[in-house]
file protein-v2.txt (compact mmCIF, N, CA and C atoms)
# COMPACT_ATOMS: atom_id res chain seq x y z
N MET W 1 -7.61 -3.63 -22.11
CA MET W 1 -7.35 -2.25 -21.74
C MET W 1 -5.87 -2.10 -21.37
N ARG W 2 -5.27 -1.06 -21.86
CA ARG W 2 -3.86 -0.79 -21.57
C ARG W 2 -3.71 -0.27 -20.15
N THR W 3 -2.70 -0.75 -19.46
CA THR W 3 -2.44 -0.25 -18.11
C THR W 3 -0.95 0.06 -17.99
N PRO W 4 -0.58 0.97 -17.12
CA PRO W 4 -1.48 1.79 -16.33
C PRO W 4 -2.19 2.83 -17.19
N LEU W 5 -3.43 3.05 -16.84
CA LEU W 5 -4.28 4.01 -17.55
C LEU W 5 -4.73 5.07 -16.56
N LEU W 6 -4.53 6.32 -16.92
CA LEU W 6 -4.91 7.42 -16.05
C LEU W 6 -6.11 8.14 -16.65
N PHE W 7 -7.24 8.09 -15.93
CA PHE W 7 -8.41 8.88 -16.31
C PHE W 7 -8.29 10.24 -15.64
N TYR W 8 -8.54 11.30 -16.39
CA TYR W 8 -8.41 12.66 -15.88
C TYR W 8 -9.57 13.50 -16.42
N ASP W 9 -9.79 14.64 -15.78
CA ASP W 9 -10.83 15.57 -16.22
C ASP W 9 -10.34 16.31 -17.45
N GLY W 10 -10.89 15.99 -18.59
CA GLY W 10 -10.45 16.57 -19.85
C GLY W 10 -10.76 18.04 -20.01
N HIS W 11 -11.58 18.61 -19.14
CA HIS W 11 -11.94 20.02 -19.23
C HIS W 11 -11.15 20.88 -18.24
N CYS W 12 -10.29 20.25 -17.48
CA CYS W 12 -9.59 20.94 -16.39
C CYS W 12 -8.18 21.36 -16.80
N PRO W 13 -7.89 22.66 -16.79
CA PRO W 13 -6.55 23.13 -17.13
C PRO W 13 -5.48 22.57 -16.18
N PHE W 14 -5.83 22.43 -14.92
CA PHE W 14 -4.92 21.88 -13.92
C PHE W 14 -4.56 20.43 -14.26
N CYS W 15 -5.56 19.65 -14.64
CA CYS W 15 -5.33 18.25 -15.03
C CYS W 15 -4.47 18.17 -16.30
N HIS W 16 -4.72 19.07 -17.23
CA HIS W 16 -3.92 19.09 -18.46
C HIS W 16 -2.46 19.34 -18.16
N PHE W 17 -2.20 20.24 -17.22
CA PHE W 17 -0.82 20.51 -16.82
C PHE W 17 -0.16 19.23 -16.33
N TRP W 18 -0.85 18.47 -15.47
CA TRP W 18 -0.26 17.27 -14.89
C TRP W 18 -0.13 16.15 -15.92
N VAL W 19 -1.06 16.06 -16.85
CA VAL W 19 -0.92 15.06 -17.91
C VAL W 19 0.32 15.37 -18.74
N ARG W 20 0.50 16.64 -19.10
CA ARG W 20 1.69 17.02 -19.87
C ARG W 20 2.97 16.77 -19.06
N PHE W 21 2.90 17.02 -17.76
CA PHE W 21 4.03 16.78 -16.86
C PHE W 21 4.40 15.29 -16.88
N ILE W 22 3.40 14.43 -16.74
CA ILE W 22 3.66 12.99 -16.74
C ILE W 22 4.21 12.56 -18.09
N LEU W 23 3.64 13.06 -19.17
CA LEU W 23 4.15 12.72 -20.50
C LEU W 23 5.64 13.08 -20.62
N LYS W 24 6.01 14.21 -20.08
CA LYS W 24 7.39 14.69 -20.19
C LYS W 24 8.35 13.84 -19.36
N TYR W 25 7.94 13.45 -18.15
CA TYR W 25 8.86 12.79 -17.23
C TYR W 25 8.68 11.28 -17.13
N ASP W 26 7.73 10.72 -17.82
CA ASP W 26 7.54 9.27 -17.83
C ASP W 26 8.52 8.68 -18.84
N ARG W 27 9.74 8.51 -18.43
CA ARG W 27 10.82 8.08 -19.33
C ARG W 27 10.56 6.69 -19.91
N GLU W 28 9.91 5.83 -19.16
CA GLU W 28 9.62 4.47 -19.62
C GLU W 28 8.32 4.40 -20.42
N LYS W 29 7.62 5.50 -20.50
CA LYS W 29 6.33 5.57 -21.21
C LYS W 29 5.37 4.49 -20.69
N HIS W 30 5.22 4.49 -19.37
CA HIS W 30 4.31 3.55 -18.70
C HIS W 30 2.84 3.88 -18.98
N PHE W 31 2.52 5.17 -18.90
CA PHE W 31 1.13 5.60 -18.78
C PHE W 31 0.41 5.78 -20.11
N HIS W 32 -0.87 5.46 -20.07
CA HIS W 32 -1.83 5.80 -21.11
C HIS W 32 -2.85 6.71 -20.45
N PHE W 33 -3.57 7.50 -21.25
CA PHE W 33 -4.47 8.51 -20.72
C PHE W 33 -5.82 8.45 -21.41
N ALA W 34 -6.86 8.80 -20.65
CA ALA W 34 -8.21 8.91 -21.21
C ALA W 34 -8.99 9.90 -20.36
N SER W 35 -9.81 10.66 -21.03
CA SER W 35 -10.65 11.64 -20.34
C SER W 35 -11.77 10.93 -19.59
N LEU W 36 -12.11 11.46 -18.43
CA LEU W 36 -13.23 10.92 -17.67
C LEU W 36 -14.55 11.04 -18.42
N SER W 37 -14.60 11.92 -19.40
CA SER W 37 -15.84 12.11 -20.17
C SER W 37 -15.83 11.34 -21.50
N GLY W 38 -14.80 10.54 -21.73
CA GLY W 38 -14.68 9.81 -22.99
C GLY W 38 -15.33 8.44 -22.96
N GLU W 39 -15.29 7.80 -24.11
CA GLU W 39 -15.91 6.49 -24.28
C GLU W 39 -15.21 5.41 -23.45
N THR W 40 -13.89 5.46 -23.38
CA THR W 40 -13.15 4.47 -22.60
C THR W 40 -13.58 4.53 -21.13
N ALA W 41 -13.68 5.73 -20.59
CA ALA W 41 -14.12 5.89 -19.19
C ALA W 41 -15.55 5.42 -19.02
N ARG W 42 -16.42 5.77 -19.94
CA ARG W 42 -17.82 5.36 -19.84
C ARG W 42 -17.93 3.84 -19.76
N MET W 43 -17.21 3.16 -20.64
CA MET W 43 -17.25 1.69 -20.65
C MET W 43 -16.62 1.10 -19.38
N PHE W 44 -15.51 1.67 -18.93
CA PHE W 44 -14.83 1.17 -17.74
C PHE W 44 -15.74 1.27 -16.51
N PHE W 45 -16.31 2.46 -16.29
CA PHE W 45 -17.13 2.66 -15.09
C PHE W 45 -18.45 1.91 -15.17
N LYS W 46 -18.97 1.73 -16.37
CA LYS W 46 -20.18 0.93 -16.54
C LYS W 46 -19.88 -0.52 -16.18
N GLN W 47 -18.75 -1.04 -16.64
CA GLN W 47 -18.36 -2.42 -16.34
C GLN W 47 -18.15 -2.61 -14.84
N LYS W 48 -17.57 -1.62 -14.18
CA LYS W 48 -17.32 -1.71 -12.74
C LYS W 48 -18.58 -1.40 -11.91
N LYS W 49 -19.62 -0.90 -12.60
CA LYS W 49 -20.89 -0.53 -11.95
C LYS W 49 -20.69 0.52 -10.86
N ILE W 50 -19.90 1.54 -11.22
CA ILE W 50 -19.69 2.66 -10.31
C ILE W 50 -19.89 3.96 -11.08
N ASP W 51 -20.24 5.00 -10.35
CA ASP W 51 -20.37 6.33 -10.95
C ASP W 51 -18.98 6.88 -11.27
N VAL W 52 -18.92 7.72 -12.26
CA VAL W 52 -17.66 8.37 -12.60
C VAL W 52 -17.26 9.27 -11.43
N PRO W 53 -16.10 9.05 -10.85
CA PRO W 53 -15.69 9.83 -9.67
C PRO W 53 -15.24 11.23 -10.03
N GLU W 54 -15.21 12.09 -9.04
CA GLU W 54 -14.70 13.46 -9.21
C GLU W 54 -13.24 13.46 -8.78
N SER W 55 -12.44 12.64 -9.44
CA SER W 55 -11.06 12.43 -9.07
C SER W 55 -10.33 11.82 -10.25
N ILE W 56 -9.01 11.93 -10.22
CA ILE W 56 -8.26 11.13 -11.18
C ILE W 56 -8.43 9.67 -10.78
N VAL W 57 -8.31 8.82 -11.77
CA VAL W 57 -8.41 7.38 -11.52
C VAL W 57 -7.25 6.72 -12.24
N LEU W 58 -6.47 5.97 -11.50
CA LEU W 58 -5.37 5.22 -12.09
C LEU W 58 -5.77 3.75 -12.11
N VAL W 59 -5.79 3.17 -13.29
CA VAL W 59 -6.13 1.76 -13.45
C VAL W 59 -4.83 1.00 -13.69
N GLU W 60 -4.59 0.01 -12.85
CA GLU W 60 -3.44 -0.87 -13.02
C GLU W 60 -3.93 -2.30 -13.02
N GLU W 61 -3.03 -3.21 -13.27
CA GLU W 61 -3.42 -4.62 -13.35
C GLU W 61 -4.03 -5.12 -12.05
N ASP W 62 -3.61 -4.56 -10.91
CA ASP W 62 -4.11 -5.03 -9.63
C ASP W 62 -5.28 -4.22 -9.09
N GLY W 63 -5.90 -3.36 -9.92
CA GLY W 63 -7.07 -2.62 -9.47
C GLY W 63 -7.04 -1.18 -9.94
N TYR W 64 -7.93 -0.39 -9.35
CA TYR W 64 -7.96 1.04 -9.68
C TYR W 64 -7.86 1.85 -8.40
N PHE W 65 -7.32 3.06 -8.54
CA PHE W 65 -6.99 3.89 -7.40
C PHE W 65 -7.43 5.32 -7.67
N LEU W 66 -7.98 5.97 -6.64
CA LEU W 66 -8.49 7.33 -6.75
C LEU W 66 -7.64 8.29 -5.91
N ALA W 67 -7.68 9.55 -6.27
CA ALA W 67 -7.12 10.65 -5.48
C ALA W 67 -5.66 10.39 -5.11
N THR W 68 -5.31 10.57 -3.81
CA THR W 68 -3.90 10.48 -3.44
C THR W 68 -3.29 9.09 -3.59
N PRO W 69 -4.01 8.00 -3.36
CA PRO W 69 -3.37 6.71 -3.66
C PRO W 69 -2.95 6.61 -5.14
N ALA W 70 -3.74 7.18 -6.03
CA ALA W 70 -3.37 7.21 -7.45
C ALA W 70 -2.11 8.06 -7.64
N ILE W 71 -2.06 9.20 -7.00
CA ILE W 71 -0.90 10.09 -7.13
C ILE W 71 0.37 9.40 -6.64
N PHE W 72 0.28 8.73 -5.50
CA PHE W 72 1.47 8.06 -4.97
C PHE W 72 1.94 6.94 -5.90
N ARG W 73 1.02 6.23 -6.52
CA ARG W 73 1.41 5.17 -7.45
C ARG W 73 2.04 5.77 -8.72
N ILE W 74 1.54 6.92 -9.16
CA ILE W 74 2.13 7.62 -10.31
C ILE W 74 3.56 8.04 -9.97
N ILE W 75 3.74 8.61 -8.80
CA ILE W 75 5.07 9.04 -8.37
C ILE W 75 6.04 7.86 -8.36
N LYS W 76 5.60 6.72 -7.85
CA LYS W 76 6.47 5.54 -7.83
C LYS W 76 6.89 5.14 -9.24
N LYS W 77 5.95 5.19 -10.19
CA LYS W 77 6.27 4.82 -11.58
C LYS W 77 7.22 5.83 -12.22
N LEU W 78 7.05 7.12 -11.90
CA LEU W 78 7.94 8.13 -12.48
C LEU W 78 9.36 7.96 -11.97
N GLY W 79 9.47 7.56 -10.70
CA GLY W 79 10.79 7.28 -10.12
C GLY W 79 11.65 8.51 -9.97
N GLY W 80 12.94 8.28 -9.86
CA GLY W 80 13.91 9.36 -9.75
C GLY W 80 13.63 10.29 -8.59
N VAL W 81 13.91 11.55 -8.82
CA VAL W 81 13.76 12.59 -7.81
C VAL W 81 12.29 12.74 -7.36
N PHE W 82 11.37 12.33 -8.22
CA PHE W 82 9.95 12.47 -7.89
C PHE W 82 9.56 11.60 -6.70
N LYS W 83 10.34 10.56 -6.44
CA LYS W 83 10.04 9.69 -5.30
C LYS W 83 10.11 10.43 -3.97
N LEU W 84 10.75 11.59 -3.97
CA LEU W 84 10.77 12.39 -2.74
C LEU W 84 9.36 12.76 -2.31
N GLY W 85 8.45 12.86 -3.27
CA GLY W 85 7.05 13.18 -2.96
C GLY W 85 6.36 12.10 -2.15
N LEU W 86 6.94 10.92 -2.12
CA LEU W 86 6.34 9.83 -1.36
C LEU W 86 6.42 10.04 0.14
N VAL W 87 7.19 11.04 0.57
CA VAL W 87 7.23 11.37 1.99
C VAL W 87 5.83 11.72 2.50
N PHE W 88 4.97 12.21 1.62
CA PHE W 88 3.61 12.58 2.02
C PHE W 88 2.74 11.36 2.33
N GLN W 89 3.23 10.17 1.96
CA GLN W 89 2.52 8.95 2.33
C GLN W 89 2.57 8.70 3.83
N LEU W 90 3.48 9.38 4.52
CA LEU W 90 3.56 9.25 5.96
C LEU W 90 2.38 9.93 6.65
N LEU W 91 1.74 10.86 5.97
CA LEU W 91 0.56 11.52 6.51
C LEU W 91 -0.64 10.58 6.42
N PRO W 92 -1.61 10.76 7.30
CA PRO W 92 -2.80 9.90 7.23
C PRO W 92 -3.54 10.10 5.90
N LEU W 93 -4.03 8.99 5.34
CA LEU W 93 -4.74 9.03 4.07
C LEU W 93 -5.93 9.99 4.09
N PRO W 94 -6.74 10.03 5.15
CA PRO W 94 -7.85 10.99 5.15
C PRO W 94 -7.37 12.45 5.00
N LEU W 95 -6.24 12.76 5.57
CA LEU W 95 -5.70 14.12 5.46
C LEU W 95 -5.23 14.41 4.03
N THR W 96 -4.48 13.49 3.43
CA THR W 96 -3.99 13.74 2.07
C THR W 96 -5.16 13.75 1.07
N ASN W 97 -6.14 12.90 1.28
CA ASN W 97 -7.32 12.93 0.40
C ASN W 97 -8.11 14.23 0.59
N GLN W 98 -8.21 14.70 1.82
CA GLN W 98 -8.91 15.97 2.08
C GLN W 98 -8.21 17.11 1.33
N LEU W 99 -6.90 17.13 1.36
CA LEU W 99 -6.14 18.15 0.62
C LEU W 99 -6.38 18.00 -0.87
N TYR W 100 -6.33 16.76 -1.37
CA TYR W 100 -6.57 16.50 -2.79
C TYR W 100 -7.93 17.05 -3.21
N TYR W 101 -8.98 16.69 -2.46
CA TYR W 101 -10.33 17.10 -2.84
C TYR W 101 -10.55 18.60 -2.66
N PHE W 102 -9.83 19.23 -1.73
CA PHE W 102 -9.90 20.70 -1.60
C PHE W 102 -9.35 21.35 -2.87
N ILE W 103 -8.20 20.88 -3.34
CA ILE W 103 -7.61 21.42 -4.56
C ILE W 103 -8.53 21.13 -5.75
N ALA W 104 -9.04 19.91 -5.84
CA ALA W 104 -9.93 19.53 -6.94
C ALA W 104 -11.19 20.41 -6.97
N LYS W 105 -11.74 20.67 -5.80
CA LYS W 105 -12.96 21.48 -5.72
C LYS W 105 -12.71 22.92 -6.18
N ASN W 106 -11.52 23.42 -5.93
CA ASN W 106 -11.21 24.83 -6.22
C ASN W 106 -10.35 25.02 -7.46
N ARG W 107 -10.19 23.99 -8.27
CA ARG W 107 -9.26 24.05 -9.40
C ARG W 107 -9.68 25.04 -10.49
N PHE W 108 -10.94 25.42 -10.54
CA PHE W 108 -11.38 26.34 -11.58
C PHE W 108 -11.35 27.80 -11.13
N LEU W 109 -10.85 28.06 -9.95
CA LEU W 109 -10.76 29.45 -9.48
C LEU W 109 -9.69 30.23 -10.23
N LEU W 110 -8.60 29.55 -10.60
CA LEU W 110 -7.51 30.23 -11.29
C LEU W 110 -7.72 30.31 -12.79
N ARG W 111 -8.29 29.25 -13.36
CA ARG W 111 -8.55 29.23 -14.80
C ARG W 111 -9.89 28.57 -15.06
N LYS W 112 -10.59 29.11 -16.05
CA LYS W 112 -11.88 28.53 -16.41
C LYS W 112 -11.68 27.16 -17.05
N PRO W 113 -12.68 26.29 -16.93
CA PRO W 113 -12.55 24.98 -17.59
C PRO W 113 -12.55 25.14 -19.10
N TYR W 114 -11.86 24.22 -19.75
CA TYR W 114 -11.87 24.20 -21.21
C TYR W 114 -13.23 23.71 -21.69
N ASP W 115 -13.67 24.18 -22.84
CA ASP W 115 -14.95 23.70 -23.36
C ASP W 115 -14.81 22.36 -24.07
N ARG W 116 -13.57 21.92 -24.29
CA ARG W 116 -13.33 20.60 -24.88
C ARG W 116 -11.95 20.11 -24.43
N CYS W 117 -11.73 18.82 -24.60
CA CYS W 117 -10.44 18.24 -24.24
C CYS W 117 -9.36 18.71 -25.21
N PHE W 118 -8.17 18.87 -24.71
CA PHE W 118 -7.08 19.28 -25.58
C PHE W 118 -6.63 18.08 -26.42
N LEU W 119 -6.09 18.38 -27.57
CA LEU W 119 -5.50 17.33 -28.41
C LEU W 119 -4.00 17.30 -28.13
N PRO W 120 -3.49 16.14 -27.79
CA PRO W 120 -2.05 16.06 -27.52
C PRO W 120 -1.25 16.23 -28.81
N LYS W 121 0.01 16.57 -28.64
CA LYS W 121 0.91 16.64 -29.79
C LYS W 121 0.92 15.29 -30.49
N GLU W 122 1.17 15.31 -31.77
CA GLU W 122 1.17 14.09 -32.58
C GLU W 122 2.05 12.99 -31.96
N GLU W 123 3.20 13.37 -31.44
CA GLU W 123 4.12 12.38 -30.89
C GLU W 123 3.57 11.67 -29.65
N TYR W 124 2.56 12.26 -28.99
CA TYR W 124 1.99 11.66 -27.78
C TYR W 124 0.64 10.97 -28.01
N ARG W 125 0.07 11.11 -29.18
CA ARG W 125 -1.30 10.62 -29.40
C ARG W 125 -1.47 9.13 -29.17
N LYS W 126 -0.43 8.35 -29.38
CA LYS W 126 -0.57 6.90 -29.21
C LYS W 126 -0.79 6.50 -27.75
N TRP W 127 -0.57 7.41 -26.81
CA TRP W 127 -0.79 7.11 -25.40
C TRP W 127 -2.17 7.56 -24.92
N PHE W 128 -2.99 8.08 -25.81
CA PHE W 128 -4.33 8.56 -25.43
C PHE W 128 -5.41 7.66 -26.02
N LEU W 129 -6.38 7.34 -25.19
CA LEU W 129 -7.54 6.55 -25.62
C LEU W 129 -8.75 7.46 -25.63
N ASP W 130 -9.75 7.09 -26.39
CA ASP W 130 -10.98 7.90 -26.47
C ASP W 130 -11.73 7.84 -25.17

call {"tool": "encode", "arguments": {"input": "protein-v2.txt", "output": "structure tokens"}}
result
Amino acid sequence: MRTPLLFYDGHCPFCHFWVRFILKYDREKHFHFASLSGETARMFFKQKKIDVPESIVLVEEDGYFLATPAIFRIIKKLGGVFKLGLVFQLLPLPLTNQLYYFIAKNRFLLRKPYDRCFLPKEEYRKWFLD
């Protein structure tokens, strides 16, 4: 499995925005992507014997990370000015996770979920797994 691998909700417009954001600013092209509803995710979570979480999941060589720990690790990989976002690591993890899950719970209030995953531009397809 390619790492780092970011599992995201393929039906969520908010998640699509952030995937496109990472694709644009990941200058080193660290990240690979897969939908939480895809075959790669199904096999990964089956192997780990865990239910598919209601969160982004970042898989790296040293393990997997959910919610804000995943976000902070993504920020570190993006580097540059984005590292300013790491100031939020000073807040207690339960608080940052609570904020994350509040946004995740309400993400469909602004836009309806997509009925299918978006197809990335041809130039980005090699970073996406099924």

call {"tool": "atom_distance", "arguments": {"input": "protein-v2.txt", "atom1": "atom CA of Met43 of chain W", "atom2": "atom CA of Phe31 of chain W"}}
result
18.9 Å

call {"tool": "closest_atom_pairs", "arguments": {"input": "protein-v2.txt", "of": "segment 54-82 of chain W", "to": "segment 19-25 of chain W", "cutoff": "8 Å", "atoms": "only N, CA and C atoms", "output": "JSON lines"}}
result
{"residue": "W:Lys77", "atom": "C", "partner": "W:Tyr25", "partner_atom": "C", "distance": 7.5}
{"residue": "W:Leu78", "atom": "CA", "partner": "W:Tyr25", "partner_atom": "C", "distance": 5.7}
{"residue": "W:Gly79", "atom": "N", "partner": "W:Tyr25", "partner_atom": "C", "distance": 7.5}

call {"tool": "select_by_dssp", "arguments": {"input": "protein-v2.txt", "residues": "segment 26-124 of chain W", "states": "strand (DSSP E or B)", "output": "VMD selection string"}}
result
chain W and resid 32 to 35 57 to 60 63 to 66

call {"tool": "closest_residue", "arguments": {"input": "protein-v2.txt", "among": "W:Arg125, W:His30, W:Lys83, W:Lys112", "to": "His11 of chain W", "atoms": "only N, CA and C atoms"}}
result
W:Lys112

call {"tool": "select_by_dssp", "arguments": {"input": "protein-v2.txt", "residues": "chain W", "states": "helix (DSSP H, G or I)", "output": "JSON, numbers by chain"}}
result
{"W": [13, 14, 15, 16, 17, 18, 19, 20, 21, 22, 23, 24, 25, 39, 40, 41, 42, 43, 44, 45, 46, 47, 48, 67, 68, 69, 70, 71, 72, 73, 74, 75, 76, 77, 78, 80, 81, 82, 83, 84, 85, 86, 87, 88, 89, 90, 93, 94, 95, 96, 97, 98, 99, 100, 101, 102, 103, 104, 105, 122, 123, 124, 125, 126, 127]}

call {"tool": "closest_residue", "arguments": {"input": "protein-v2.txt", "among": "W:Leu90, W:Val59, W:Cys15, W:Leu109", "to": "Arg2 of chain W", "atoms": "all atoms listed in the file"}}
result
W:Val59

call {"tool": "axis_aligned_box", "arguments": {"input": "protein-v2.txt", "around": "segment 49-55 of chain W", "padding_each_side": "5 Å", "output": "JSON"}}
result
{"center_x": -15.6, "center_y": 6.3, "center_z": -10.7, "size_x": 20.6, "size_y": 24.4, "size_z": 13.8}

call {"tool": "residues_around", "arguments": {"input": "protein-v2.txt", "residues": "Ala70 of chain W", "least_positions_apart": "5", "cutoff": "6.5 Å", "atoms": "all atoms listed in the file", "output": "short mmCIF file (atom, residue, chain, number, x, y, z; two decimals) with N, CA and C atoms, in the frame of the given file"}}
result
data_model
loop_
_atom_site.label_atom_id
_atom_site.label_comp_id
_atom_site.auth_asym_id
_atom_site.auth_seq_id
_atom_site.Cartn_x
_atom_site.Cartn_y
_atom_site.Cartn_z
N VAL W 57 -8.31 8.82 -11.77
CA VAL W 57 -8.41 7.38 -11.52
C VAL W 57 -7.25 6.72 -12.24
N LEU W 58 -6.47 5.97 -11.50
CA LEU W 58 -5.37 5.22 -12.09
C LEU W 58 -5.77 3.75 -12.11
N PHE W 65 -7.32 3.06 -8.54
CA PHE W 65 -6.99 3.89 -7.40
C PHE W 65 -7.43 5.32 -7.67
N ILE W 75 3.74 8.61 -8.80
CA ILE W 75 5.07 9.04 -8.37
C ILE W 75 6.04 7.86 -8.36
#

call {"tool": "atom_distance", "arguments": {"input": "protein-v2.txt", "atom1": "atom C of Ile71 of chain W", "atom2": "atom CA of Leu5 of chain W"}}
result
13.0 Å

call {"tool": "closest_residue", "arguments": {"input": "protein-v2.txt", "among": "W:Lys105, W:Arg42, W:His16, W:His32", "to": "Leu129 of chain W", "atoms": "only C-alpha atoms"}}
result
W:His32

call {"tool": "atom_distance", "arguments": {"input": "protein-v2.txt", "atom1": "atom CA of Pro120 of chain W", "atom2": "atom CA of Phe33 of chain W"}}
result
10.4 Å

call {"tool": "closest_residue", "arguments": {"input": "protein-v2.txt", "among": "W:Tyr100, W:Val52, W:Phe82, W:Gln47", "to": "Pro69 of chain W", "atoms": "only C-alpha atoms"}}
result
W:Tyr100

call {"tool": "decode", "arguments": {"input": "protein-v2.txt", "residues": "segment 48-126 of chain W", "atoms": "C-alpha atoms", "output": "JSON list (two decimals), in the first residue's frame"}}
result
[["chain", "number", "residue", "atom", "x", "y", "z"],
["W", 48, "LYS", "CA", -7.26, -3.94, 10.61],
["W", 49, "LYS", "CA", -10.55, -5.46, 11.87],
["W", 50, "ILE", "CA", -12.11, -2.07, 12.49],
["W", 51, "ASP", "CA", -15.26, -0.39, 11.23],
["W", 52, "VAL", "CA", -14.91, 2.33, 8.64],
["W", 53, "PRO", "CA", -14.69, 5.54, 10.69],
["W", 54, "GLU", "CA", -16.70, 8.71, 10.14],
["W", 55, "SER", "CA", -13.48, 10.66, 9.71],
["W", 56, "ILE", "CA", -10.61, 11.15, 7.37],
["W", 57, "VAL", "CA", -7.94, 8.53, 7.89],
["W", 58, "LEU", "CA", -4.29, 9.12, 7.16],
["W", 59, "VAL", "CA", -2.23, 5.96, 6.77],
["W", 60, "GLU", "CA", 1.51, 6.29, 7.17],
["W", 61, "GLU", "CA", 4.30, 3.80, 7.65],
["W", 62, "ASP", "CA", 4.08, 4.19, 11.43],
["W", 63, "GLY", "CA", 0.30, 3.69, 11.70],
["W", 64, "TYR", "CA", -2.99, 5.35, 10.91],
["W", 65, "PHE", "CA", -4.46, 8.56, 12.26],
["W", 66, "LEU", "CA", -8.02, 9.90, 12.46],
["W", 67, "ALA", "CA", -9.56, 13.38, 12.66],
["W", 68, "THR", "CA", -7.28, 16.17, 13.94],
["W", 69, "PRO", "CA", -4.14, 14.04, 14.43],
["W", 70, "ALA", "CA", -4.46, 13.22, 10.72],
["W", 71, "ILE", "CA", -4.92, 16.90, 9.86],
["W", 72, "PHE", "CA", -1.85, 17.93, 11.85],
["W", 73, "ARG", "CA", 0.27, 15.28, 10.12],
["W", 74, "ILE", "CA", -1.01, 16.48, 6.72],
["W", 75, "ILE", "CA", -0.09, 20.06, 7.63],
["W", 76, "LYS", "CA", 3.43, 18.96, 8.58],
["W", 77, "LYS", "CA", 3.87, 17.22, 5.22],
["W", 78, "LEU", "CA", 2.57, 20.24, 3.28],
["W", 79, "GLY", "CA", 5.09, 22.42, 5.10],
["W", 80, "GLY", "CA", 5.67, 26.07, 4.33],
["W", 81, "VAL", "CA", 3.16, 28.62, 5.52],
["W", 82, "PHE", "CA", 0.68, 25.84, 6.29],
["W", 83, "LYS", "CA", 2.75, 24.90, 9.33],
["W", 84, "LEU", "CA", 1.22, 27.94, 11.03],
["W", 85, "GLY", "CA", -1.87, 25.75, 11.46],
["W", 86, "LEU", "CA", 0.10, 23.59, 13.85],
["W", 87, "VAL", "CA", -0.48, 26.23, 16.52],
["W", 88, "PHE", "CA", -3.82, 24.46, 17.07],
["W", 89, "GLN", "CA", -1.89, 21.45, 18.38],
["W", 90, "LEU", "CA", -1.46, 23.49, 21.55],
["W", 91, "LEU", "CA", -5.16, 23.00, 22.23],
["W", 92, "PRO", "CA", -6.25, 19.81, 23.99],
["W", 93, "LEU", "CA", -6.88, 16.93, 21.59],
["W", 94, "PRO", "CA", -10.44, 16.32, 22.86],
["W", 95, "LEU", "CA", -11.30, 19.94, 22.02],
["W", 96, "THR", "CA", -9.82, 19.86, 18.51],
["W", 97, "ASN", "CA", -11.46, 16.49, 17.81],
["W", 98, "GLN", "CA", -14.79, 17.83, 19.10],
["W", 99, "LEU", "CA", -14.50, 20.74, 16.64],
["W", 100, "TYR", "CA", -13.53, 18.34, 13.84],
["W", 101, "TYR", "CA", -16.51, 16.06, 14.47],
["W", 102, "PHE", "CA", -18.89, 19.04, 14.79],
["W", 103, "ILE", "CA", -17.84, 20.22, 11.32],
["W", 104, "ALA", "CA", -17.98, 16.65, 9.96],
["W", 105, "LYS", "CA", -21.48, 16.14, 11.36],
["W", 106, "ASN", "CA", -22.76, 19.36, 9.79],
["W", 107, "ARG", "CA", -20.83, 19.27, 6.50],
["W", 108, "PHE", "CA", -23.91, 18.58, 4.39],
["W", 109, "LEU", "CA", -25.82, 21.65, 5.59],
["W", 110, "LEU", "CA", -24.17, 23.89, 3.00],
["W", 111, "ARG", "CA", -24.09, 21.45, 0.09],
["W", 112, "LYS", "CA", -25.80, 18.16, -0.57],
["W", 113, "PRO", "CA", -23.63, 15.06, -0.79],
["W", 114, "TYR", "CA", -22.54, 13.93, -4.21],
["W", 115, "ASP", "CA", -24.23, 10.78, -5.49],
["W", 116, "ARG", "CA", -20.83, 9.47, -6.62],
["W", 117, "CYS", "CA", -17.15, 10.19, -6.13],
["W", 118, "PHE", "CA", -15.62, 12.81, -8.35],
["W", 119, "LEU", "CA", -13.08, 11.82, -10.97],
["W", 120, "PRO", "CA", -9.82, 13.71, -10.60],
["W", 121, "LYS", "CA", -8.22, 15.47, -13.51],
["W", 122, "GLU", "CA", -6.13, 13.17, -15.69],
["W", 123, "GLU", "CA", -2.89, 14.67, -14.34],
["W", 124, "TYR", "CA", -3.85, 13.65, -10.77],
["W", 125, "ARG", "CA", -5.29, 10.18, -11.37],
["W", 126, "LYS", "CA", -2.06, 8.36, -10.55]]
